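Q: Let me begin by handing over the structure; questions about it come next.
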Amino acid sequence: MTKQRTLKDSFTLSGKGLHTGLNLTVEFCPAPENYGYKVQRVDVEGAPLIDALAENVTETQRGTVLSNGTERVSTVEHGFSALYALGIDNCLMKVNGPEFPILEGSAKLYVENILRVGIVEQEAKKDYLVLTEPLEYRDEKSGSVLRIEPAEKFSVSVLVSFEQSAISDQHAELTDMKDFPTEIAPSRTFVFVRDVEPLLAAGLIKGGDLDNSIVLYEREMPQDRYDRLADAMKIPRMDAKKLGYINHRPLVWDNEPARHKLLDVIGDMALVGRPIRGRIIASRPGHRVNNQLARMLRDKLK
């Protein structure tokens with residue numbers, strides 16, 4: 001029987017928040033058996049806890065937001081994906097603000113630090129969610145379809161479709177979680193140029209830059225508008241007719257956006273609260289539809 005696992009020791013990571021722009025620190029700590037994942041807002045009086053479960057997700061715009069009804073914490077999915085893929089069942093995360101730091105926009109630093117401090121087996125057995133029949137969530141408006149099928153182990157396959165031909169459709173697959181540190185964890189978050197303006201207007205992505213995000217320019221816009229957005233993103237002005245990627249660092253893989261979507265799926269499935277034995281096939285996934293599938297799986301548990 002597979003045993004539950006937790007961290008051998010604590011580690012901390014610091015950096016700015018993607019949406020708030022605040023300097024933030026998160027500490028990942030060992031936790032007892034059957035504890036699951038919990039986030040603690042240590043900057044708030046009483047240091048309240050938030051259970052990391054799908055039904056506690058209150059927002060999904062540009063990230064997964066957890067809340068206990070009074071306090072909230074966002075941009076948690078990259079840390080959770082690292083914990084879940086590395087088979088850690090119990091962990092307490094202490095954060096000194098309303099979101100996890102974005103770091104370099106991936107799960108790489110989380111994975112590196114988990115492996116550095118080590119993982120320890122506990123006495124309690126893992127309590128798997130074992131599917132006996134397929135389960136599907138379909139969103140007609142976005143065209144998203146997420147399906148999970150019974151399987152002996154957890155795996156994820158993702159298809160990402162873009163509206164314009166400048167960036168082709170992409171596929172990514174992870175059949176063995178042992179490959180997560182090298183094949184998925186370094187993939188960075190991405191944003192479309194056309195979404196930057198409304199996100200800034202909504203008070204989001206204050207800490208976003210080309211060091212922690214890939215920017216996709218796949219729909220041509222007037223040069224004057226493109227110039228305004230370049231100024232807002234604090235990057236050099238460019239030719240509005242030239243579509244493609246905008247980034248400081250080269251892509252790690254040609255399909256890096258699809259790999260990051262797969263990373264997000266794993267992070268959002270971590271909120272099911274149990275290790276899953278099933279194969280997920282996700283077409284056009286996103287945090288909102290990921291959370292809907294996670295809620296359906298939570299209902300199965302109940």
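The chains in the structure tokens are called A, B, ... from first to last as shown; in each chain the residues are counted from 1, and the ligands are counted from 1 in the order shown.
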Could you list, as number ranges by chain, every residue within 9 Å of Leu297 in chain A, counting only C-alpha atoms and ignoring same-chain residues fewer than 5 positions away?
A: A: 129, 135, 272, 292, 302
Q: Give one line per residue of range 59-150 of chain A that approaches range 209-218 of chain A to at most 10 Å, naming the two atoms of the closest pair and their distance in Å to one decimal, counting only C-alpha atoms; sort by chain then ascending residue number and deliver it as a Markdown table.
A:
```
| residue | atom | partner | partner_atom | distance |
| --- | --- | --- | --- | --- |
| A:Ile102 | CA | A:Asn212 | CA | 7.0 |
| A:Leu103 | CA | A:Asn212 | CA | 6.6 |
| A:Glu104 | CA | A:Asn212 | CA | 4.2 |
| A:Gly105 | CA | A:Asn212 | CA | 4.4 |
| A:Ser106 | CA | A:Asn212 | CA | 7.8 |
```
Q: Excluding range 12-18 of chain A and any residue of its chain fewer than 5 positions from it, enumerate the residues within 12 Å of it, using only C-alpha atoms, and give them as an mmCIF file with N, CA and C atoms, in the first residue's frame.
A:
```
data_model
loop_
_atom_site.group_PDB
_atom_site.id
_atom_site.type_symbol
_atom_site.label_atom_id
_atom_site.label_comp_id
_atom_site.auth_asym_id
_atom_site.auth_seq_id
_atom_site.Cartn_x
_atom_site.Cartn_y
_atom_site.Cartn_z
ATOM 1 N N ASN A 23 5.575 42.581 -2.495
ATOM 2 C CA ASN A 23 6.644 41.647 -2.143
ATOM 3 C C ASN A 23 6.079 40.629 -1.159
ATOM 4 N N LEU A 24 6.135 39.361 -1.520
ATOM 5 C CA LEU A 24 5.468 38.310 -0.764
ATOM 6 C C LEU A 24 6.420 37.168 -0.441
ATOM 7 N N THR A 25 6.138 36.478 0.651
ATOM 8 C CA THR A 25 6.896 35.294 1.044
ATOM 9 C C THR A 25 5.925 34.180 1.387
ATOM 10 N N VAL A 26 6.195 32.991 0.858
ATOM 11 C CA VAL A 26 5.393 31.819 1.198
ATOM 12 C C VAL A 26 6.319 30.754 1.771
ATOM 13 N N GLU A 27 5.866 30.118 2.855
ATOM 14 C CA GLU A 27 6.631 29.055 3.496
ATOM 15 C C GLU A 27 5.850 27.750 3.378
ATOM 16 N N PHE A 28 6.503 26.734 2.843
ATOM 17 C CA PHE A 28 5.910 25.401 2.720
ATOM 18 C C PHE A 28 6.418 24.553 3.889
ATOM 19 N N CYS A 29 5.485 23.995 4.673
ATOM 20 C CA CYS A 29 5.839 23.311 5.925
ATOM 21 C C CYS A 29 5.322 21.871 5.932
ATOM 22 N N ARG A 62 -7.566 34.685 -14.434
ATOM 23 C CA ARG A 62 -6.104 34.751 -14.438
ATOM 24 C C ARG A 62 -5.477 34.090 -13.223
ATOM 25 N N GLY A 63 -6.095 33.049 -12.710
ATOM 26 C CA GLY A 63 -5.519 32.316 -11.585
ATOM 27 C C GLY A 63 -6.608 31.748 -10.699
ATOM 28 N N VAL A 73 -6.655 34.021 -0.914
ATOM 29 C CA VAL A 73 -5.285 33.931 -1.423
ATOM 30 C C VAL A 73 -5.358 33.453 -2.876
ATOM 31 N N SER A 74 -4.579 34.096 -3.733
ATOM 32 C CA SER A 74 -4.652 33.787 -5.165
ATOM 33 C C SER A 74 -3.305 33.290 -5.695
ATOM 34 N N THR A 75 -3.314 32.902 -6.971
ATOM 35 C CA THR A 75 -2.120 32.436 -7.692
ATOM 36 C C THR A 75 -1.457 31.268 -6.952
ATOM 37 N N VAL A 76 -2.290 30.320 -6.537
ATOM 38 C CA VAL A 76 -1.807 29.181 -5.755
ATOM 39 C C VAL A 76 -1.500 27.953 -6.616
ATOM 40 N N GLY A 79 2.223 26.292 -7.082
ATOM 41 C CA GLY A 79 2.713 25.585 -5.902
ATOM 42 C C GLY A 79 1.993 24.268 -5.686
ATOM 43 N N LEU A 92 1.297 22.441 4.903
ATOM 44 C CA LEU A 92 0.784 23.736 5.350
ATOM 45 C C LEU A 92 1.598 24.821 4.675
ATOM 46 N N MET A 93 0.902 25.761 4.030
ATOM 47 C CA MET A 93 1.576 26.868 3.346
ATOM 48 C C MET A 93 1.236 28.178 4.047
ATOM 49 N N LYS A 94 2.247 28.863 4.533
ATOM 50 C CA LYS A 94 2.070 30.129 5.236
ATOM 51 C C LYS A 94 2.482 31.267 4.315
ATOM 52 N N VAL A 95 1.560 32.203 4.069
ATOM 53 C CA VAL A 95 1.854 33.312 3.160
ATOM 54 C C VAL A 95 1.538 34.639 3.851
ATOM 55 N N ASN A 96 2.366 35.646 3.583
ATOM 56 C CA ASN A 96 2.214 36.940 4.277
ATOM 57 C C ASN A 96 1.475 37.977 3.440
ATOM 58 N N GLY A 97 0.559 37.517 2.597
ATOM 59 C CA GLY A 97 -0.220 38.435 1.772
ATOM 60 C C GLY A 97 -1.310 37.705 1.031
ATOM 61 N N PRO A 98 -2.019 38.398 0.128
ATOM 62 C CA PRO A 98 -3.192 37.821 -0.528
ATOM 63 C C PRO A 98 -2.911 36.946 -1.745
ATOM 64 N N GLU A 99 -1.646 36.683 -2.044
ATOM 65 C CA GLU A 99 -1.340 35.762 -3.135
ATOM 66 C C GLU A 99 0.056 35.175 -2.955
ATOM 67 N N PHE A 100 0.295 34.050 -3.637
ATOM 68 C CA PHE A 100 1.632 33.472 -3.665
ATOM 69 C C PHE A 100 2.493 34.307 -4.623
ATOM 70 N N PRO A 101 3.793 34.403 -4.397
ATOM 71 C CA PRO A 101 4.652 35.099 -5.361
ATOM 72 C C PRO A 101 4.659 34.367 -6.696
ATOM 73 N N ILE A 102 4.755 35.117 -7.787
ATOM 74 C CA ILE A 102 4.716 34.514 -9.116
ATOM 75 C C ILE A 102 6.051 33.874 -9.488
ATOM 76 N N LEU A 103 7.146 34.323 -8.822
ATOM 77 C CA LEU A 103 8.492 33.793 -9.088
ATOM 78 C C LEU A 103 8.805 33.956 -10.579
ATOM 79 N N GLU A 104 9.154 32.878 -11.271
ATOM 80 C CA GLU A 104 9.427 33.025 -12.711
ATOM 81 C C GLU A 104 8.268 32.538 -13.571
ATOM 82 N N GLY A 105 7.077 32.468 -12.953
ATOM 83 C CA GLY A 105 5.881 32.143 -13.716
ATOM 84 C C GLY A 105 5.654 30.665 -13.950
ATOM 85 N N SER A 106 6.414 29.819 -13.242
ATOM 86 C CA SER A 106 6.295 28.379 -13.437
ATOM 87 C C SER A 106 6.287 27.683 -12.084
ATOM 88 N N ALA A 107 6.407 26.354 -12.104
ATOM 89 C CA ALA A 107 6.496 25.583 -10.857
ATOM 90 C C ALA A 107 7.926 25.138 -10.577
ATOM 91 N N LYS A 108 8.860 25.616 -11.360
ATOM 92 C CA LYS A 108 10.248 25.134 -11.275
ATOM 93 C C LYS A 108 10.864 25.311 -9.888
ATOM 94 N N LEU A 109 10.766 26.506 -9.314
ATOM 95 C CA LEU A 109 11.395 26.764 -8.017
ATOM 96 C C LEU A 109 10.711 25.994 -6.888
ATOM 97 N N TYR A 110 9.402 25.780 -7.015
ATOM 98 C CA TYR A 110 8.702 24.960 -6.020
ATOM 99 C C TYR A 110 9.257 23.531 -6.045
ATOM 100 N N VAL A 111 9.381 22.976 -7.249
ATOM 101 C CA VAL A 111 9.886 21.609 -7.393
ATOM 102 C C VAL A 111 11.308 21.497 -6.863
ATOM 103 N N GLU A 112 12.168 22.442 -7.251
ATOM 104 C CA GLU A 112 13.567 22.393 -6.829
ATOM 105 C C GLU A 112 13.694 22.406 -5.309
ATOM 106 N N ASN A 113 12.879 23.220 -4.652
ATOM 107 C CA ASN A 113 12.969 23.317 -3.195
ATOM 108 C C ASN A 113 12.349 22.121 -2.489
ATOM 109 N N ILE A 114 11.279 21.567 -3.047
ATOM 110 C CA ILE A 114 10.709 20.347 -2.479
ATOM 111 C C ILE A 114 11.740 19.220 -2.525
ATOM 112 N N ARG A 116 14.932 19.596 -2.717
ATOM 113 C CA ARG A 116 16.095 19.960 -1.892
ATOM 114 C C ARG A 116 15.861 19.595 -0.416
ATOM 115 N N VAL A 117 14.679 19.938 0.130
ATOM 116 C CA VAL A 117 14.424 19.642 1.552
ATOM 117 C C VAL A 117 14.057 18.183 1.767
ATOM 118 N N THR A 189 3.798 30.784 -17.326
ATOM 119 C CA THR A 189 2.461 31.303 -17.596
ATOM 120 C C THR A 189 2.496 32.234 -18.799
ATOM 121 N N PHE A 190 1.345 32.431 -19.439
ATOM 122 C CA PHE A 190 1.313 33.299 -20.618
ATOM 123 C C PHE A 190 0.043 34.136 -20.628
ATOM 124 N N VAL A 191 0.106 35.219 -21.370
ATOM 125 C CA VAL A 191 -1.034 36.131 -21.492
ATOM 126 C C VAL A 191 -1.086 36.637 -22.927
ATOM 127 N N LEU A 199 -7.126 43.454 -18.210
ATOM 128 C CA LEU A 199 -6.559 42.969 -16.950
ATOM 129 C C LEU A 199 -5.991 44.110 -16.126
ATOM 130 N N LEU A 200 -5.302 45.041 -16.783
ATOM 131 C CA LEU A 200 -4.786 46.216 -16.085
ATOM 132 C C LEU A 200 -5.940 47.071 -15.554
ATOM 133 N N GLY A 203 -7.331 45.994 -12.371
ATOM 134 C CA GLY A 203 -6.417 46.061 -11.231
ATOM 135 C C GLY A 203 -5.567 44.821 -11.069
ATOM 136 N N LEU A 204 -5.436 44.027 -12.147
ATOM 137 C CA LEU A 204 -4.664 42.790 -12.097
ATOM 138 C C LEU A 204 -3.312 42.955 -12.786
ATOM 139 N N ILE A 205 -2.516 41.902 -12.766
ATOM 140 C CA ILE A 205 -1.171 41.774 -13.368
ATOM 141 C C ILE A 205 -0.253 42.968 -13.096
ATOM 142 N N LYS A 206 -0.347 43.555 -11.900
ATOM 143 C CA LYS A 206 0.544 44.663 -11.541
ATOM 144 C C LYS A 206 1.992 44.203 -11.440
ATOM 145 N N GLY A 207 2.185 42.922 -11.178
ATOM 146 C CA GLY A 207 3.539 42.401 -11.061
ATOM 147 C C GLY A 207 3.981 41.586 -12.263
ATOM 148 N N GLY A 208 3.191 41.619 -13.334
ATOM 149 C CA GLY A 208 3.532 40.853 -14.527
ATOM 150 C C GLY A 208 4.609 41.537 -15.356
ATOM 151 N N ASP A 209 5.548 40.762 -15.866
ATOM 152 C CA ASP A 209 6.571 41.291 -16.761
ATOM 153 C C ASP A 209 7.103 40.151 -17.622
ATOM 154 N N LEU A 210 8.048 40.462 -18.494
ATOM 155 C CA LEU A 210 8.556 39.449 -19.415
ATOM 156 C C LEU A 210 9.532 38.477 -18.751
ATOM 157 N N ASP A 211 9.825 38.698 -17.466
ATOM 158 C CA ASP A 211 10.645 37.743 -16.726
ATOM 159 C C ASP A 211 9.802 36.630 -16.132
ATOM 160 N N ASN A 212 8.498 36.868 -15.934
ATOM 161 C CA ASN A 212 7.650 35.835 -15.336
ATOM 162 C C ASN A 212 6.466 35.437 -16.214
ATOM 163 N N SER A 213 6.403 35.955 -17.430
ATOM 164 C CA SER A 213 5.284 35.630 -18.316
ATOM 165 C C SER A 213 5.743 35.620 -19.770
#
```
Q: List every residue of range 28-267 of chain A that DSSP, applied to the backbone of this structure, places in strand (DSSP E), and write the result as a VMD selection string.
A: chain A and resid 28 to 30 37 to 41 49 to 51 57 to 59 65 to 67 72 to 73 91 to 95 119 to 125 129 to 130 135 to 139 144 to 150 155 to 160 170 to 174 190 to 192 214 to 217 244 to 246
Q: Could you list, as a list in words, every residue within 8 Å of Thr58 in chain A, counting only C-alpha atoms and ignoring same-chain residues fewer than 6 positions away?
A: Val65, Leu66 and Ser67 of chain A
Q: DSSP on the backbone, then: every residue of range 26-246 of chain A marked helix (DSSP H, G or I), written as a PyMOL selection string.
A: chain A and resi 54-56+77-85+108-117+177-183+193-201+223-233
Q: Selection from above, C-alpha atoms, as an mmCIF file, in the first residue's frame, can you write it?
A:
```cif
data_model
loop_
_atom_site.group_PDB
_atom_site.id
_atom_site.type_symbol
_atom_site.label_atom_id
_atom_site.label_comp_id
_atom_site.auth_asym_id
_atom_site.auth_seq_id
_atom_site.Cartn_x
_atom_site.Cartn_y
_atom_site.Cartn_z
ATOM 1 C CA ALA A 54 -12.364 23.007 -4.978
ATOM 2 C CA GLU A 55 -15.517 24.338 -3.293
ATOM 3 C CA ASN A 56 -13.446 27.111 -1.671
ATOM 4 C CA GLU A 77 -1.953 26.736 -8.663
ATOM 5 C CA HIS A 78 1.782 26.555 -9.450
ATOM 6 C CA GLY A 79 2.713 25.585 -5.902
ATOM 7 C CA PHE A 80 -0.108 23.066 -5.684
ATOM 8 C CA SER A 81 0.864 21.484 -9.012
ATOM 9 C CA ALA A 82 4.377 20.850 -7.673
ATOM 10 C CA LEU A 83 3.070 19.292 -4.443
ATOM 11 C CA TYR A 84 0.532 17.121 -6.237
ATOM 12 C CA ALA A 85 2.822 15.907 -9.027
ATOM 13 C CA LYS A 108 10.248 25.134 -11.275
ATOM 14 C CA LEU A 109 11.395 26.764 -8.017
ATOM 15 C CA TYR A 110 8.702 24.960 -6.020
ATOM 16 C CA VAL A 111 9.886 21.609 -7.393
ATOM 17 C CA GLU A 112 13.567 22.393 -6.829
ATOM 18 C CA ASN A 113 12.969 23.317 -3.195
ATOM 19 C CA ILE A 114 10.709 20.347 -2.479
ATOM 20 C CA LEU A 115 13.416 18.022 -3.798
ATOM 21 C CA ARG A 116 16.095 19.960 -1.892
ATOM 22 C CA VAL A 117 14.424 19.642 1.552
ATOM 23 C CA MET A 177 4.340 12.285 -12.821
ATOM 24 C CA LYS A 178 8.042 11.436 -12.406
ATOM 25 C CA ASP A 179 8.631 13.505 -15.554
ATOM 26 C CA PHE A 180 6.899 16.596 -14.135
ATOM 27 C CA PRO A 181 10.108 18.270 -12.800
ATOM 28 C CA THR A 182 11.820 18.245 -16.199
ATOM 29 C CA GLU A 183 8.975 18.229 -18.731
ATOM 30 C CA VAL A 193 -1.623 41.073 -25.694
ATOM 31 C CA ARG A 194 -5.347 41.689 -26.296
ATOM 32 C CA ASP A 195 -6.064 40.724 -22.657
ATOM 33 C CA VAL A 196 -3.469 43.044 -21.102
ATOM 34 C CA GLU A 197 -5.634 46.176 -21.301
ATOM 35 C CA PRO A 198 -8.739 44.736 -19.528
ATOM 36 C CA LEU A 199 -6.559 42.969 -16.950
ATOM 37 C CA LEU A 200 -4.786 46.216 -16.085
ATOM 38 C CA ALA A 201 -8.150 48.000 -15.961
ATOM 39 C CA GLN A 223 -0.339 50.459 -34.297
ATOM 40 C CA ASP A 224 -1.351 53.272 -31.925
ATOM 41 C CA ARG A 225 -3.171 50.843 -29.610
ATOM 42 C CA TYR A 226 -0.245 48.407 -29.738
ATOM 43 C CA ASP A 227 2.089 51.253 -28.787
ATOM 44 C CA ARG A 228 -0.079 52.141 -25.771
ATOM 45 C CA LEU A 229 -0.059 48.534 -24.606
ATOM 46 C CA ALA A 230 3.704 48.255 -25.100
ATOM 47 C CA ASP A 231 4.100 51.336 -22.906
ATOM 48 C CA ALA A 232 1.782 49.829 -20.284
ATOM 49 C CA MET A 233 3.801 46.588 -20.320
#
```
